[in-house]
Every structure is written in structure tokens, then in C-alpha cells.
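Have a look at target-v7.cif; it's mmCIF, C-alpha atoms:
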data_protein
#
loop_
_atom_site.group_PDB
_atom_site.id
_atom_site.type_symbol
_atom_site.label_atom_id
_atom_site.label_comp_id
_atom_site.auth_asym_id
_atom_site.auth_seq_id
_atom_site.Cartn_x
_atom_site.Cartn_y
_atom_site.Cartn_z
ATOM 1 C CA MET M 1 -103.747 115.980 -1.247
ATOM 2 C CA HIS M 2 -102.408 114.856 -4.589
ATOM 3 C CA ARG M 3 -98.766 113.876 -4.122
ATOM 4 C CA ASN M 4 -97.675 115.880 -7.165
ATOM 5 C CA LEU M 5 -99.105 119.096 -5.751
ATOM 6 C CA ARG M 6 -95.993 119.438 -3.618
ATOM 7 C CA SER M 7 -93.441 117.952 -5.979
ATOM 8 C CA LYS M 8 -94.261 119.055 -9.525
ATOM 9 C CA LEU M 9 -95.232 122.701 -9.556
ATOM 10 C CA CYS M 10 -94.801 124.227 -12.990
ATOM 11 C CA LYS M 11 -93.174 127.531 -13.731
ATOM 12 C CA GLY M 12 -95.443 130.545 -13.466
ATOM 13 C CA SER M 13 -97.535 131.635 -10.516
ATOM 14 C CA PHE M 14 -100.801 131.076 -12.331
ATOM 15 C CA ARG M 15 -100.035 127.565 -13.422
ATOM 16 C CA SER M 16 -99.704 126.641 -9.752
ATOM 17 C CA PHE M 17 -103.000 128.413 -9.023
ATOM 18 C CA ILE M 18 -104.710 126.702 -11.943
ATOM 19 C CA HIS M 19 -103.453 123.320 -10.736
ATOM 20 C CA ALA M 20 -104.669 123.940 -7.200
ATOM 21 C CA THR M 21 -108.148 124.850 -8.429
ATOM 22 C CA GLY M 22 -108.529 121.780 -10.595
ATOM 23 C CA GLN M 23 -108.198 123.470 -13.966
ATOM 24 C CA THR M 24 -106.327 121.995 -16.892
ATOM 25 C CA CYS M 25 -102.827 123.356 -17.333
ATOM 26 C CA PRO M 26 -100.910 123.462 -20.619
ATOM 27 C CA CYS M 27 -97.966 121.617 -19.042
ATOM 28 C CA ARG M 28 -100.241 118.788 -17.833
ATOM 29 C CA HIS M 29 -98.105 118.004 -14.777
ATOM 30 C CA PHE M 30 -101.162 117.221 -12.716
ATOM 31 C CA HIS M 31 -104.813 118.001 -12.261
ATOM 32 C CA VAL M 32 -106.274 118.348 -8.778
ATOM 33 C CA SER M 33 -110.064 118.241 -8.972
ATOM 34 C CA SER M 34 -110.583 117.612 -5.249
ATOM 35 C CA ILE M 35 -109.780 121.251 -4.385
ATOM 36 C CA ARG M 36 -112.323 122.675 -6.875
ATOM 37 C CA ALA M 37 -114.909 123.661 -4.235
ATOM 38 C CA LYS M 38 -115.573 127.373 -3.803
ATOM 39 C CA MET M 39 -113.521 128.911 -1.034
ATOM 40 C CA ASP M 40 -114.614 131.587 1.407
ATOM 41 C CA PHE M 41 -111.911 134.217 1.726
ATOM 42 C CA GLU M 42 -113.293 136.286 4.550
ATOM 43 C CA PRO M 43 -112.342 138.004 6.720
ATOM 44 C CA SER M 44 -111.839 141.459 5.404
ATOM 45 C CA VAL M 45 -110.580 144.615 7.002
ATOM 46 C CA THR M 46 -112.520 147.842 7.144
ATOM 47 C CA LEU M 47 -110.616 150.819 5.799
ATOM 48 C CA HIS M 48 -110.867 154.355 7.205
ATOM 49 C CA ASN M 49 -113.534 155.240 4.619
ATOM 50 C CA GLY M 50 -115.733 152.293 5.618
ATOM 51 C CA GLN M 51 -114.899 150.194 2.567
ATOM 52 C CA LYS M 52 -114.149 146.535 3.208
ATOM 53 C CA MET M 53 -110.971 145.096 1.734
ATOM 54 C CA PRO M 54 -110.562 141.318 1.506
ATOM 55 C CA MET M 55 -107.472 140.130 3.341
ATOM 56 C CA LEU M 56 -106.600 137.594 0.665
ATOM 57 C CA GLY M 57 -106.163 138.519 -2.971
ATOM 58 C CA LEU M 58 -104.641 137.303 -6.197
ATOM 59 C CA GLY M 59 -101.449 139.055 -7.263
ATOM 60 C CA THR M 60 -100.730 139.238 -10.970
ATOM 61 C CA TRP M 61 -97.033 140.149 -11.048
ATOM 62 C CA GLN M 62 -94.967 138.109 -13.542
ATOM 63 C CA SER M 63 -98.065 136.441 -14.936
ATOM 64 C CA PRO M 64 -97.556 135.220 -18.491
ATOM 65 C CA PRO M 65 -99.483 137.133 -21.164
ATOM 66 C CA ASN M 66 -102.784 135.523 -22.143
ATOM 67 C CA GLU M 67 -102.875 133.413 -18.960
ATOM 68 C CA VAL M 68 -103.784 136.070 -16.401
ATOM 69 C CA ARG M 69 -107.288 136.565 -17.837
ATOM 70 C CA GLU M 70 -108.181 132.909 -17.296
ATOM 71 C CA ALA M 71 -106.504 132.854 -13.891
ATOM 72 C CA VAL M 72 -108.553 135.863 -12.721
ATOM 73 C CA LYS M 73 -111.790 134.334 -14.035
ATOM 74 C CA THR M 74 -111.034 131.059 -12.259
ATOM 75 C CA ALA M 75 -110.095 132.955 -9.100
ATOM 76 C CA ILE M 76 -113.455 134.750 -9.175
ATOM 77 C CA ASP M 77 -115.222 131.401 -9.618
ATOM 78 C CA VAL M 78 -113.574 129.978 -6.495
ATOM 79 C CA GLY M 79 -114.204 133.049 -4.360
ATOM 80 C CA TYR M 80 -111.356 135.530 -4.732
ATOM 81 C CA ARG M 81 -112.591 139.111 -4.607
ATOM 82 C CA MET M 82 -109.341 141.099 -4.429
ATOM 83 C CA PHE M 83 -106.951 141.491 -7.353
ATOM 84 C CA ASP M 84 -103.626 143.272 -7.479
ATOM 85 C CA THR M 85 -102.257 144.604 -10.756
ATOM 86 C CA ALA M 86 -100.085 147.482 -11.961
ATOM 87 C CA TYR M 87 -99.232 149.508 -15.049
ATOM 88 C CA PHE M 88 -95.696 148.115 -14.787
ATOM 89 C CA TYR M 89 -96.970 144.516 -14.922
ATOM 90 C CA GLY M 90 -98.507 145.148 -18.341
ATOM 91 C CA ASN M 91 -101.607 143.102 -17.522
ATOM 92 C CA GLU M 92 -104.191 145.627 -16.361
ATOM 93 C CA ALA M 93 -106.197 145.114 -19.570
ATOM 94 C CA GLU M 94 -106.425 141.337 -19.082
ATOM 95 C CA VAL M 95 -107.419 141.708 -15.432
ATOM 96 C CA GLY M 96 -110.110 144.204 -16.440
ATOM 97 C CA GLN M 97 -111.365 141.944 -19.231
ATOM 98 C CA ALA M 98 -111.691 138.986 -16.863
ATOM 99 C CA VAL M 99 -113.629 141.020 -14.302
ATOM 100 C CA GLN M 100 -115.881 142.490 -17.002
ATOM 101 C CA GLN M 101 -116.631 139.050 -18.452
ATOM 102 C CA LYS M 102 -117.752 137.824 -15.027
ATOM 103 C CA ILE M 103 -119.863 140.966 -14.537
ATOM 104 C CA ASP M 104 -121.459 140.472 -17.979
ATOM 105 C CA LYS M 105 -122.334 136.861 -17.081
ATOM 106 C CA GLY M 106 -123.974 138.031 -13.842
ATOM 107 C CA LYS M 107 -121.514 136.145 -11.605
ATOM 108 C CA ILE M 108 -120.408 139.301 -9.753
ATOM 109 C CA LYS M 109 -121.030 143.039 -9.562
ATOM 110 C CA ARG M 110 -118.230 145.597 -9.746
ATOM 111 C CA ASP M 111 -118.858 146.436 -6.084
ATOM 112 C CA ASP M 112 -118.054 142.810 -5.171
ATOM 113 C CA ILE M 113 -114.477 143.129 -6.452
ATOM 114 C CA PHE M 114 -111.590 145.028 -4.854
ATOM 115 C CA ILE M 115 -109.034 146.189 -7.443
ATOM 116 C CA THR M 116 -105.603 147.505 -6.517
ATOM 117 C CA THR M 117 -103.268 149.060 -9.047
ATOM 118 C CA LYS M 118 -100.096 151.085 -8.818
ATOM 119 C CA LEU M 119 -98.905 154.365 -10.276
ATOM 120 C CA TRP M 120 -95.603 153.677 -12.023
ATOM 121 C CA ASN M 121 -92.554 155.812 -11.257
ATOM 122 C CA ILE M 122 -92.635 157.792 -14.530
ATOM 123 C CA PHE M 123 -96.090 159.132 -13.605
ATOM 124 C CA HIS M 124 -95.032 160.811 -10.356
ATOM 125 C CA HIS M 125 -94.483 164.156 -12.084
ATOM 126 C CA PRO M 126 -97.313 166.595 -11.411
ATOM 127 C CA GLU M 127 -98.056 166.990 -15.125
ATOM 128 C CA GLN M 128 -98.163 163.205 -15.632
ATOM 129 C CA THR M 129 -99.938 161.904 -12.532
ATOM 130 C CA LEU M 130 -103.566 162.214 -13.611
ATOM 131 C CA ARG M 131 -102.732 160.826 -17.034
ATOM 132 C CA GLY M 132 -101.051 157.823 -15.410
ATOM 133 C CA VAL M 133 -104.144 157.159 -13.313
ATOM 134 C CA ARG M 134 -106.440 157.580 -16.319
ATOM 135 C CA THR M 135 -104.270 155.213 -18.358
ATOM 136 C CA SER M 136 -104.648 152.509 -15.713
ATOM 137 C CA LEU M 137 -108.412 153.086 -15.561
ATOM 138 C CA GLN M 138 -108.629 152.839 -19.363
ATOM 139 C CA ASN M 139 -106.532 149.667 -19.349
ATOM 140 C CA LEU M 140 -108.801 148.145 -16.710
ATOM 141 C CA LYS M 141 -111.946 149.505 -18.435
ATOM 142 C CA MET M 142 -113.160 150.690 -15.027
ATOM 143 C CA ASP M 143 -114.427 153.967 -13.627
ATOM 144 C CA TYR M 144 -112.455 153.580 -10.418
ATOM 145 C CA VAL M 145 -109.984 151.407 -8.546
ATOM 146 C CA ASP M 146 -110.440 150.569 -4.905
ATOM 147 C CA LEU M 147 -106.825 151.159 -3.924
ATOM 148 C CA LEU M 148 -104.208 153.185 -5.792
ATOM 149 C CA LEU M 149 -100.636 152.829 -4.593
ATOM 150 C CA PHE M 150 -97.337 154.363 -5.626
ATOM 151 C CA HIS M 151 -95.428 151.486 -7.146
ATOM 152 C CA SER M 152 -92.335 152.676 -5.324
ATOM 153 C CA PRO M 153 -91.227 155.866 -3.587
ATOM 154 C CA THR M 154 -88.709 156.535 -6.348
ATOM 155 C CA SER M 155 -89.544 158.862 -9.225
ATOM 156 C CA PHE M 156 -88.088 158.394 -12.684
ATOM 157 C CA LYS M 157 -87.653 161.014 -15.369
ATOM 158 C CA TYR M 158 -90.619 161.033 -17.738
ATOM 159 C CA VAL M 159 -89.699 160.440 -21.385
ATOM 160 C CA ASP M 160 -92.902 158.843 -22.708
ATOM 161 C CA ASP M 161 -95.428 156.224 -21.588
ATOM 162 C CA ASN M 162 -93.393 153.382 -23.092
ATOM 163 C CA THR M 163 -90.055 154.268 -21.498
ATOM 164 C CA ILE M 164 -90.507 152.419 -18.220
ATOM 165 C CA PHE M 165 -86.865 152.723 -17.129
ATOM 166 C CA PRO M 166 -85.438 155.979 -18.519
ATOM 167 C CA LEU M 167 -81.664 156.028 -18.678
ATOM 168 C CA THR M 168 -79.007 158.706 -18.428
ATOM 169 C CA PRO M 169 -76.396 158.976 -21.191
ATOM 170 C CA HIS M 170 -74.196 156.789 -18.939
ATOM 171 C CA GLY M 171 -76.741 153.965 -18.843
ATOM 172 C CA LYS M 172 -77.962 154.588 -15.281
ATOM 173 C CA ILE M 173 -81.588 155.062 -14.240
ATOM 174 C CA ALA M 174 -82.644 158.692 -14.736
ATOM 175 C CA TYR M 175 -84.237 159.708 -11.442
ATOM 176 C CA ALA M 176 -86.359 162.809 -10.898
ATOM 177 C CA LYS M 177 -87.107 164.917 -7.834
ATOM 178 C CA VAL M 178 -90.819 164.973 -7.082
ATOM 179 C CA ASP M 179 -92.636 166.418 -4.068
ATOM 180 C CA PHE M 180 -94.783 163.529 -2.853
ATOM 181 C CA LYS M 181 -97.126 165.925 -1.038
ATOM 182 C CA TYR M 182 -98.418 166.907 -4.458
ATOM 183 C CA LEU M 183 -99.091 163.277 -5.321
ATOM 184 C CA TRP M 184 -101.172 162.754 -2.195
ATOM 185 C CA LYS M 185 -103.345 165.712 -3.216
ATOM 186 C CA VAL M 186 -103.836 164.259 -6.688
ATOM 187 C CA ARG M 187 -104.694 160.806 -5.306
ATOM 188 C CA VAL M 188 -107.463 162.270 -3.166
ATOM 189 C CA GLN M 189 -109.067 163.823 -6.278
#

As C-alpha cells, what does this structure read like?
Amino acid sequence: MHRNLRSKLCKGSFRSFIHATGQTCPCRHFHVSSIRAKMDFEPSVTLHNGQKMPMLGLGTWQSPPNEVREAVKTAIDVGYRMFDTAYFYGNEAEVGQAVQQKIDKGKIKRDDIFITTKLWNIFHHPEQTLRGVRTSLQNLKMDYVDLLLFHSPTSFKYVDDNTIFPLTPHGKIAYAKVDFKYLWKVRVQ
């Protein structure tokens, strides 16, 4: 293993990934071409509906804008088939673009990829839930996601789609009471 792999990791989760896969990184700390071979990320687990979910996936939280697309494409090239994103991360569109580019090139089919996204806390309100899901699907440019999670079990007051952390007049988070049984019904639809 290249000695710098342990000692000179750059900032950003994807820079480390790009280094480990032998891709060129903007910071040029090091380049590890010996790890470039395609990896096999089985096994997977079988969910209650019979769908297989890979046990190893690429998370996209805190990924720098304009880098996640290339990281996802490289991850697909080396064998990753599960990707985790969220409305809150602000990168669903880039993840979707990367997957679509690989589909268009014939490298994968949509059924080969397992996409997880999360419903942000402002979309827990019954009148907002379906719109929140549709927004994520539009961002991803996909007809479905394989796993939809609640980002957290805390609901925030809905102001608008851009107010991620609504505040009270006193500067505290504006929470809302939501019956989660309703949300489970909506998720099944």
C-alpha cells in the first residue's frame, strides 16, 4: 500500500475515495493506481419484499458540490451498487446525473443500483409528504427509490421548501407535532 494512503488524506470524503481508486485528485497529495481493480461488494441482504440490498454503499453526506457526480461514477466503475443521498444533503441531482450517465453508456441498468434517500423533517406534515417524496424523485430524475427513510424522527414546522431549519421568533428550531402513523401509510403508497 502506498505509504501516503495512511498519512496524507485530503479533506473531503470523496477525495479519499478518489485517491483509493486511483483517480486524480485536485489536491494531488497522492495517486494510488494499484487499487484500481474492480471490487466485488457482495454480499447483499434480502429485504422482506425480496429485493436485494448491497451491504456496502457509498454515502454522499458532506460531499463538496460538483465532486459527488464524479465520485459516484467512479464508484459505479469499481463495483459500488448502493448509494445513499438525501434532500438535506443537496446532492440528489448530482447522484441522479451520475447514475443516469452510466445507464446511458450501457454500464449499468437502473435495476442494478440501490438508491436510498431521506424525507427531510419539513416534509413530515401530511400535506407536504408526497410533495417531498416527489421532489426527491425529480432531483434524482428517477421513477422510484429503493429505500426511503425519515431523515430523523423529529418534525419541523413547514415554511417553504428552502427553509430547512425553521426558527421560532426566539431563534430556536420550530418543531411540529406529526402523527408518524400517517407517514407510514404515505410511504407504502

request  = Give the answer as one residue: which of M:Gly57, M:Pro126, M:Gly171, M:Pro65 has the shortest atom-to-atom distance to Val78 (chain M), using only C-alpha atoms?
outcome  = M:Gly57

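One distance worth recording is that between CA of Gln62 (chain M) and CA of Phe165 (chain M), which is 17.1 Å.
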
key: Residue among M:Ile122, M:Leu140, M:Met82, M:Leu130 lying closest to Glu94 (chain M), counting only C-alpha atoms   =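 Looking only at the distances to Glu94 (chain M), the closest residue turns out to be M:Leu140.
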
inquiry  = Applying 10 Å and all atoms listed in the file, which residues near Asp179 (chain M) remain after dropping the ones on its own chain fewer than 5 positions away? List them as a PyMOL selection string.
reply    = chain M and resi 124-126+155+184

message = Using the chain letters and numbers from this file, what does the PyMOL selection byres ((chain M and resi 174) around 10) select? Give the answer as a PyMOL selection string.
response = chain M and resi 155-159+165-173+175-176
